[in-house]
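Note sheet for the following structure.
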Amino acid sequence: MPFAALAAATTPTAHIGLGLAAVGRPGYINLHRDRDLPADRDPDALRARTHELLDAAYAQGVRYVDTARSYGRAEEFLAEWLDARPSFTDLVVGSKWGYTYTADWSVEAEHHEVKDHSLATFERQYAETRDLLGGRLSLYQVHSVTPDSPALTDKELLDRLAALAADGVTVGLSTSGPAQADAIRAALAVTVDGEPLFRTVQATYNALETSAAPALAEAHDAGLTVIVKEGMANGRLAGDEAPAVFQEIAADAGVGGDAVALALVLHQPWAGVVLSGAATAAQLSGNLHAAVVDLDDEQRASLDALVEEPEAYWRHRAGLPWH
């Protein structure tokens with residue numbers, strides 16, 4: 001398993017990963033991203049920002065980086081950074097396939113990505129990922145699996161994923177939508193030649209959307225590494241957007257609301273890696289304070305009161321604009 005090194009790590013920030021969704025392309029749905037990045041978001045500007053974040057993350061103990069084929073040029077930016085730092089052999093690199101980036105570097109595109117979990121898309125995108133990341137790729141995830149995804153039932157595709165696992169690349173999946181728990185449980189039942197296929201699961205979990213928690217606990221108990229994304233609900237739990245209770249707890253702890261949001265996730269016994277989606281080095285440093293935030297029972301109870309119905313949460317997320 002690629003995360004064995006993280007399990008033995010003594011640095012608290014080793015269990016916080018850096019996701020590159022917000023910096024590999026000019027448009028994304030995180031709140032206030034339009035003011036977090038330079039006005040001129042040409043590839044050189046975002047390449048420089050990505051490399052700055054990667055440098056800051058590694059220096060502060062982050063040892064997992066998460067990217068995807070659909071994150072614009074994020075794999076390319078990461079590959080260039082890795083090529084210049086061959087000694088960083090303790091970094092775990094994960095990517096995803098299943099969405100194709102279609103915005104052509106425009107924030108105004110009608111569609112920014114197109115989903116397709118077919119075998120043909122896997123073969124094309126894995127070749128693209130391999131060309132960029134080579135042997136540095138540790139984990140390859142099916143991007144945004146829902147219960148009806150062919151990635152759970154297509155025998156040819158599952159056999160090909162099993163062959164990838166046999167070659168030494170861990171196979172995982174990410175989930176999204178109000179039926180995350182159903183997708184996770186379906187994935188746990190997928191076997192090839194009697195062996196479980198998926199060894200990691202990446203899911204959305206935060207103070208507003210907790211519905212996947214029981215299924216994530218089951219995945220953890222089954223031996224999968226759980227990666228948590230969107231711990232700050234695309235910015236809804238950070239900065240001025242954070243609910244008052246977040247700001248109060250943050251003020252008492254001397255940190256930002258973002259650190260409280262990620263600390264809540266880190267405290268879950270099944271959480272293996274929690275992703276930061278920072279777009280600036282300052283945001284990243286603030287996020288990493290989550291590793292030293294302790295939440296008492298009263299504070300956790302006050303945060304539990306913020307939970308939304310899954311359908312309402314995902315409906316709100318679907319309406320966020322691409323900045």
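If you're wondering about the labels, chains in the structure tokens are A, B, ... by order shown, residues count from 1 in each chain, ligands from 1 in order shown.
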
request  = For region 117-124 of chain A, work out the shell of residues within 9 Å, counting only C-alpha atoms and skipping chain neighbours fewer than 6 positions away, then give it as a ChimeraX atom specification.
outcome  = /A:97-100,142-143,145,149-151,154,156-158,160-161

message = Need the shell around Asp104 (chain A): protein/DNA/RNA residues with any atom at most 10 Å away, counting only C-alpha atoms. Skip same-chain ones fewer than 5 positions apart. Format as a ChimeraX atom specification?
response = /A:25-26,72,109,111-113

inquiry  = Can you pull out every residue from region 216-252 of chain A that DSSP, working from the backbone, puts in alpha helix (DSSP H), and format the result as a PyMOL selection string?
reply    = chain A and resi 216-221+244-252

Okay, now the selection with N, CA, C and O atoms, as a compact mmCIF listing (two decimals), in the first residue's frame?
# COMPACT_ATOMS: atom_id res chain seq x y z
N LEU A 216 -17.64 4.91 5.23
CA LEU A 216 -16.20 5.11 5.31
C LEU A 216 -15.60 4.33 6.47
O LEU A 216 -14.48 3.79 6.35
N ALA A 217 -16.32 4.23 7.57
CA ALA A 217 -15.86 3.40 8.68
C ALA A 217 -15.79 1.94 8.26
O ALA A 217 -14.84 1.22 8.61
N GLU A 218 -16.77 1.49 7.49
CA GLU A 218 -16.76 0.12 6.98
C GLU A 218 -15.57 -0.11 6.04
O GLU A 218 -14.92 -1.16 6.09
N ALA A 219 -15.29 0.88 5.19
CA ALA A 219 -14.15 0.76 4.29
C ALA A 219 -12.85 0.68 5.08
O ALA A 219 -11.96 -0.15 4.77
N HIS A 220 -12.72 1.51 6.09
CA HIS A 220 -11.52 1.48 6.93
C HIS A 220 -11.38 0.12 7.60
O HIS A 220 -10.29 -0.47 7.63
N ASP A 221 -12.47 -0.40 8.13
CA ASP A 221 -12.43 -1.70 8.79
C ASP A 221 -12.08 -2.82 7.82
O ASP A 221 -11.52 -3.85 8.23
N ALA A 244 -20.65 30.96 12.48
CA ALA A 244 -20.16 31.63 13.68
C ALA A 244 -19.47 30.66 14.63
O ALA A 244 -18.45 30.99 15.25
N VAL A 245 -20.02 29.43 14.77
CA VAL A 245 -19.43 28.50 15.71
C VAL A 245 -18.00 28.13 15.31
O VAL A 245 -17.12 27.95 16.17
N PHE A 246 -17.73 28.05 14.01
CA PHE A 246 -16.37 27.81 13.54
C PHE A 246 -15.46 28.95 13.94
O PHE A 246 -14.34 28.75 14.42
N GLN A 247 -15.93 30.15 13.74
CA GLN A 247 -15.11 31.32 14.04
C GLN A 247 -14.84 31.43 15.54
O GLN A 247 -13.75 31.82 15.95
N GLU A 248 -15.82 31.05 16.36
CA GLU A 248 -15.63 31.10 17.81
C GLU A 248 -14.60 30.07 18.27
O GLU A 248 -13.69 30.37 19.06
N ILE A 249 -14.72 28.85 17.77
CA ILE A 249 -13.75 27.80 18.14
C ILE A 249 -12.37 28.17 17.64
O ILE A 249 -11.35 28.00 18.34
N ALA A 250 -12.31 28.71 16.43
CA ALA A 250 -11.03 29.10 15.85
C ALA A 250 -10.37 30.20 16.67
O ALA A 250 -9.15 30.16 16.93
N ALA A 251 -11.15 31.18 17.09
CA ALA A 251 -10.59 32.28 17.89
C ALA A 251 -10.03 31.76 19.20
O ALA A 251 -8.96 32.17 19.65
N ASP A 252 -10.74 30.84 19.85
CA ASP A 252 -10.27 30.26 21.11
C ASP A 252 -8.96 29.49 20.92
O ASP A 252 -8.10 29.48 21.80

Sorted per-residue table, region 92-165 of chain A near region 180-200 of chain A, closest atoms and distance, 7 Å, only C-alpha atoms, as CSV:
residue,atom,partner,partner_atom,distance
A:Val145,CA,A:Ala183,CA,6.6
A:Thr146,CA,A:Ala183,CA,5.3
A:Pro147,CA,A:Ala183,CA,4.4
A:Leu152,CA,A:Ala187,CA,6.3
A:Asp159,CA,A:Val192,CA,6.7
A:Ala162,CA,A:Leu197,CA,6.4

ask   = Between CA of Pro310 (chain A) and CA of Ser144 (chain A), what is the distance, to one decimal in Å?
value = 16.0 Å

request  = Just the strand (DSSP E) stuff from region 124-316 of chain A, please, per backbone DSSP, written as a PyMOL selection string.
outcome  = chain A and resi 137-145+170-175+191-192+195-196+200-204+225-229+273-276

Just N, CA and C atoms for this one: save the residues we selected as a short mmCIF file (atom, residue, chain, number, x, y, z; two decimals), in the first residue's frame.
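Dumped everything to selection-v5.cif:
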data_model
loop_
_atom_site.label_atom_id
_atom_site.label_comp_id
_atom_site.auth_asym_id
_atom_site.auth_seq_id
_atom_site.Cartn_x
_atom_site.Cartn_y
_atom_site.Cartn_z
N LEU A 137 3.79 7.47 -10.04
CA LEU A 137 2.38 7.26 -9.76
C LEU A 137 2.21 6.08 -8.81
N SER A 138 1.67 6.34 -7.62
CA SER A 138 1.45 5.28 -6.64
C SER A 138 0.00 4.81 -6.59
N LEU A 139 -0.92 5.74 -6.86
CA LEU A 139 -2.35 5.46 -6.70
C LEU A 139 -3.11 6.02 -7.89
N TYR A 140 -3.95 5.20 -8.51
CA TYR A 140 -4.79 5.65 -9.62
C TYR A 140 -6.24 5.36 -9.25
N GLN A 141 -7.04 6.43 -9.21
CA GLN A 141 -8.41 6.34 -8.71
C GLN A 141 -9.43 6.58 -9.82
N VAL A 142 -10.52 5.84 -9.77
CA VAL A 142 -11.65 6.13 -10.64
C VAL A 142 -12.32 7.39 -10.09
N HIS A 143 -12.49 8.39 -10.93
CA HIS A 143 -12.92 9.70 -10.48
C HIS A 143 -14.44 9.79 -10.37
N SER A 144 -14.92 10.09 -9.17
CA SER A 144 -16.32 10.43 -8.93
C SER A 144 -17.27 9.27 -9.27
N VAL A 145 -17.08 8.17 -8.60
CA VAL A 145 -17.93 7.00 -8.81
C VAL A 145 -19.28 7.20 -8.11
N THR A 170 -1.56 1.04 -6.93
CA THR A 170 -2.76 0.82 -6.12
C THR A 170 -3.98 1.41 -6.84
N VAL A 171 -5.07 0.68 -6.82
CA VAL A 171 -6.31 1.09 -7.47
C VAL A 171 -7.30 1.57 -6.41
N GLY A 172 -7.85 2.76 -6.61
CA GLY A 172 -8.83 3.30 -5.69
C GLY A 172 -9.97 3.96 -6.44
N LEU A 173 -10.83 4.63 -5.69
CA LEU A 173 -11.93 5.37 -6.31
C LEU A 173 -12.24 6.58 -5.47
N SER A 174 -12.83 7.59 -6.11
CA SER A 174 -13.41 8.70 -5.37
C SER A 174 -14.92 8.68 -5.61
N THR A 175 -15.66 9.31 -4.70
CA THR A 175 -17.11 9.34 -4.82
C THR A 175 -17.62 10.76 -4.71
N THR A 191 -14.79 -7.61 -6.52
CA THR A 191 -13.61 -8.47 -6.48
C THR A 191 -13.23 -8.90 -7.89
N VAL A 192 -11.98 -9.22 -8.07
CA VAL A 192 -11.48 -9.80 -9.31
C VAL A 192 -10.68 -11.04 -8.93
N GLU A 195 -10.32 -11.50 -5.18
CA GLU A 195 -9.59 -10.53 -4.38
C GLU A 195 -10.24 -9.16 -4.49
N PRO A 196 -10.35 -8.43 -3.37
CA PRO A 196 -10.88 -7.06 -3.45
C PRO A 196 -10.04 -6.21 -4.39
N THR A 200 -8.28 1.98 -1.82
CA THR A 200 -8.48 3.30 -1.22
C THR A 200 -9.83 3.83 -1.66
N VAL A 201 -10.40 4.71 -0.83
CA VAL A 201 -11.62 5.41 -1.22
C VAL A 201 -11.47 6.87 -0.80
N GLN A 202 -11.79 7.76 -1.72
CA GLN A 202 -11.74 9.20 -1.47
C GLN A 202 -13.17 9.73 -1.52
N ALA A 203 -13.59 10.40 -0.47
CA ALA A 203 -14.98 10.85 -0.39
C ALA A 203 -15.07 12.23 0.23
N THR A 204 -16.17 12.90 -0.05
CA THR A 204 -16.47 14.19 0.58
C THR A 204 -17.04 13.96 1.97
N THR A 225 -7.59 2.51 2.75
CA THR A 225 -7.19 3.82 3.22
C THR A 225 -8.26 4.82 2.79
N VAL A 226 -8.76 5.61 3.73
CA VAL A 226 -9.78 6.61 3.45
C VAL A 226 -9.11 7.97 3.26
N ILE A 227 -9.38 8.58 2.11
CA ILE A 227 -8.91 9.94 1.80
C ILE A 227 -10.13 10.84 1.81
N VAL A 228 -10.06 11.94 2.54
CA VAL A 228 -11.20 12.84 2.62
C VAL A 228 -10.93 14.11 1.81
N LYS A 229 -11.87 14.43 0.94
CA LYS A 229 -11.78 15.65 0.13
C LYS A 229 -12.87 16.63 0.57
N VAL A 273 -6.08 10.13 5.29
CA VAL A 273 -5.48 11.34 4.73
C VAL A 273 -6.59 12.35 4.50
N VAL A 274 -6.35 13.57 4.89
CA VAL A 274 -7.31 14.65 4.70
C VAL A 274 -6.69 15.67 3.77
N LEU A 275 -7.41 16.03 2.70
CA LEU A 275 -6.83 16.90 1.68
C LEU A 275 -7.05 18.37 1.97
N SER A 276 -6.00 19.14 1.75
CA SER A 276 -6.09 20.59 1.66
C SER A 276 -6.22 20.95 0.20
#

ask   = Which neighbours of Ser95 (chain A) fall inside 6 Å, counting only C-alpha atoms, when residues of the same chain fewer than 6 positions from it are skipped, and could you give them as JSON, numbers by chain?
value = {"A": [66, 67, 68, 140]}

key: Distance in Å - CA of Leu224 (chain A) versus CA of Ser285 (chain A)   = 28.1 Å

ask   = With only C-alpha atoms as the basis for distance, which of A:Ala281, A:Val92, A:Leu266, A:Ser70 is at the shortest distance from Asp116 (chain A)?
value =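 Once distances to Asp116 (chain A) are computed over only C-alpha atoms, the minimum belongs to A:Ser70.
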
Find the residues of region 95-200 of chain A that sit at most 10 Å from region 39-45 of chain A; for each, write down the nearest two atoms and how far apart they are in Å, to one decimal. Count only C-alpha atoms. Sort by chain, then by number going up, and give it as CSV.
residue,atom,partner,partner_atom,distance
A:Trp105,CA,A:Asp42,CA,8.2
A:Ser106,CA,A:Arg41,CA,9.7
A:Val107,CA,A:Arg41,CA,9.9

Write out the residues from the selection above, keeping all heavy atoms, as a PDB file, in the first residue's frame.
ATOM      1  N   TRP A 105      -8.846  25.901 -21.285  1.00  0.00           N
ATOM      2  CA  TRP A 105      -8.234  26.991 -20.507  1.00  0.00           C
ATOM      3  C   TRP A 105      -9.109  28.241 -20.470  1.00  0.00           C
ATOM      4  O   TRP A 105      -8.635  29.368 -20.445  1.00  0.00           O
ATOM      5  CB  TRP A 105      -6.841  27.323 -21.028  1.00  0.00           C
ATOM      6  CG  TRP A 105      -5.921  27.775 -19.937  1.00  0.00           C
ATOM      7  CD1 TRP A 105      -5.536  29.059 -19.667  1.00  0.00           C
ATOM      8  CD2 TRP A 105      -5.295  26.959 -18.949  1.00  0.00           C
ATOM      9  NE1 TRP A 105      -4.718  29.084 -18.559  1.00  0.00           N
ATOM     10  CE2 TRP A 105      -4.541  27.798 -18.099  1.00  0.00           C
ATOM     11  CE3 TRP A 105      -5.297  25.594 -18.672  1.00  0.00           C
ATOM     12  CZ2 TRP A 105      -3.802  27.320 -17.021  1.00  0.00           C
ATOM     13  CZ3 TRP A 105      -4.560  25.120 -17.605  1.00  0.00           C
ATOM     14  CH2 TRP A 105      -3.825  25.972 -16.793  1.00  0.00           C
ATOM     15  N   SER A 106     -10.407  28.043 -20.412  1.00  0.00           N
ATOM     16  CA  SER A 106     -11.337  29.165 -20.338  1.00  0.00           C
ATOM     17  C   SER A 106     -12.234  29.015 -19.110  1.00  0.00           C
ATOM     18  O   SER A 106     -12.756  27.929 -18.841  1.00  0.00           O
ATOM     19  CB  SER A 106     -12.211  29.222 -21.591  1.00  0.00           C
ATOM     20  OG  SER A 106     -13.263  30.161 -21.426  1.00  0.00           O
ATOM     21  N   VAL A 107     -12.431  30.118 -18.375  1.00  0.00           N
ATOM     22  CA  VAL A 107     -13.345  30.107 -17.243  1.00  0.00           C
ATOM     23  C   VAL A 107     -14.798  30.153 -17.722  1.00  0.00           C
ATOM     24  O   VAL A 107     -15.719  29.754 -17.005  1.00  0.00           O
ATOM     25  CB  VAL A 107     -13.056  31.307 -16.311  1.00  0.00           C
ATOM     26  CG1 VAL A 107     -14.015  31.338 -15.129  1.00  0.00           C
ATOM     27  CG2 VAL A 107     -11.629  31.248 -15.812  1.00  0.00           C
TER      28      VAL A 107
END

request  = Could you check which of A:Thr102, A:Thr11, A:Gln299, A:Asn234 is closest to Asp258 (chain A), using only C-alpha atoms?
outcome  =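 Among A:Thr102, A:Thr11, A:Gln299, A:Asn234, it is A:Asn234 that comes nearest to Asp258 (chain A).
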
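Candidate residues A:Thr210, A:Leu164, A:Gln125, A:Gly277 were compared for distance to Ala179 (chain A), and the nearest is A:Thr210, using only C-alpha atoms.
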
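Proximity to Asn30 (chain A) at 10 Å, evaluated using only C-alpha atoms and with sequence-adjacent residues fewer than 3 positions away removed, yields Ala21, Ala22, Gly27, Arg33, Asp34, Asp36, Glu230, Met232, Ala233, Asn234, Gly235, Arg236, Gly277, Ala278, Ala279, Arg317, Leu320, Pro321, Trp322 and His323 of chain A.
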
Keeping only C-alpha atoms, write the selected residues to a file as a PDB file, in the first residue's frame.
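The resulting file, again_12.pdb, is reproduced below:
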ATOM      1  CA  ALA A  21      -7.873  20.805  -8.185  1.00  0.00           C
ATOM      2  CA  ALA A  22      -7.793  24.550  -7.495  1.00  0.00           C
ATOM      3  CA  GLY A  27     -11.602  27.901 -13.355  1.00  0.00           C
ATOM      4  CA  ARG A  33     -10.853  31.573  -5.779  1.00  0.00           C
ATOM      5  CA  ASP A  34     -11.072  34.595  -8.058  1.00  0.00           C
ATOM      6  CA  ASP A  36      -6.820  33.847  -4.401  1.00  0.00           C
ATOM      7  CA  GLU A 230     -13.699  18.921   0.417  1.00  0.00           C
ATOM      8  CA  MET A 232     -13.973  22.837   3.932  1.00  0.00           C
ATOM      9  CA  ALA A 233     -17.016  22.377   1.685  1.00  0.00           C
ATOM     10  CA  ASN A 234     -15.461  24.290  -1.221  1.00  0.00           C
ATOM     11  CA  GLY A 235     -14.789  27.292   1.021  1.00  0.00           C
ATOM     12  CA  ARG A 236     -18.100  27.393   2.880  1.00  0.00           C
ATOM     13  CA  GLY A 277      -7.279  22.334  -1.486  1.00  0.00           C
ATOM     14  CA  ALA A 278      -5.257  25.468  -0.808  1.00  0.00           C
ATOM     15  CA  ALA A 279      -4.683  27.959  -3.612  1.00  0.00           C
ATOM     16  CA  ARG A 317     -22.583  22.502  -4.446  1.00  0.00           C
ATOM     17  CA  LEU A 320     -21.510  27.008  -7.222  1.00  0.00           C
ATOM     18  CA  PRO A 321     -20.086  29.077 -10.096  1.00  0.00           C
ATOM     19  CA  TRP A 322     -16.778  28.329 -11.776  1.00  0.00           C
ATOM     20  CA  HIS A 323     -14.573  31.265 -10.789  1.00  0.00           C
TER      21      HIS A 323
END

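Using only C-alpha atoms, the shortest contact distance between Gly19 (chain A) and any of A:Ala207, A:Ala253, A:Leu284, A:Ala84 is found at A:Leu284.
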
task = To one decimal in Å, tell me the separation between CA of Asp240 (chain A) and CA of Val255 (chain A).
result =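 One can read the CA of Asp240 (chain A) to CA of Val255 (chain A) distance as 13.5 Å.
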
remark   = Residue with the minimum atom-to-atom distance to Tyr64 (chain A), picked from A:Gly231, A:Gly254, A:Pro2, A:Pro38 with only C-alpha atoms counted, is A:Pro2

request  = Compile the contact shell of region 48-63 of chain A as a VMD selection string: residues with an atom at most 8 Å away, counting only C-alpha atoms, same-chain residues fewer than 3 positions apart removed.
outcome  = chain A and resid 6 11 to 18 20 23 to 24 44 to 45 74 77 to 78 81 90 to 92 279 to 281 284

Keeping only C-alpha atoms, write those residues as a tab-separated table (two decimals), in the first residue's frame.
chain	number	residue	atom	x	y	z
A	6	LEU	CA	2.24	7.75	6.21
A	11	THR	CA	5.00	14.34	11.66
A	12	PRO	CA	1.29	15.26	12.16
A	13	THR	CA	1.09	16.99	8.80
A	14	ALA	CA	1.95	13.76	6.98
A	15	HIS	CA	-1.74	12.90	7.25
A	16	ILE	CA	-2.77	16.09	5.44
A	17	GLY	CA	-2.43	15.90	1.67
A	18	LEU	CA	-2.36	18.61	-0.98
A	20	LEU	CA	-4.30	20.29	-6.93
A	23	VAL	CA	-4.52	25.42	-9.22
A	24	GLY	CA	-4.20	23.23	-12.32
A	44	ASP	CA	2.95	29.88	-16.59
A	45	ALA	CA	1.25	31.70	-13.70
A	74	ALA	CA	-2.05	19.82	-12.84
A	77	PHE	CA	2.86	20.90	-13.35
A	78	LEU	CA	3.39	18.17	-10.74
A	81	TRP	CA	8.18	19.74	-10.09
A	90	ASP	CA	9.01	9.71	0.15
A	91	LEU	CA	6.19	11.59	-1.58
A	92	VAL	CA	3.07	9.56	-2.40
A	279	ALA	CA	-4.68	27.96	-3.61
A	280	THR	CA	-2.05	30.03	-1.76
A	281	ALA	CA	0.89	29.16	0.48
A	284	LEU	CA	-1.87	25.92	3.10
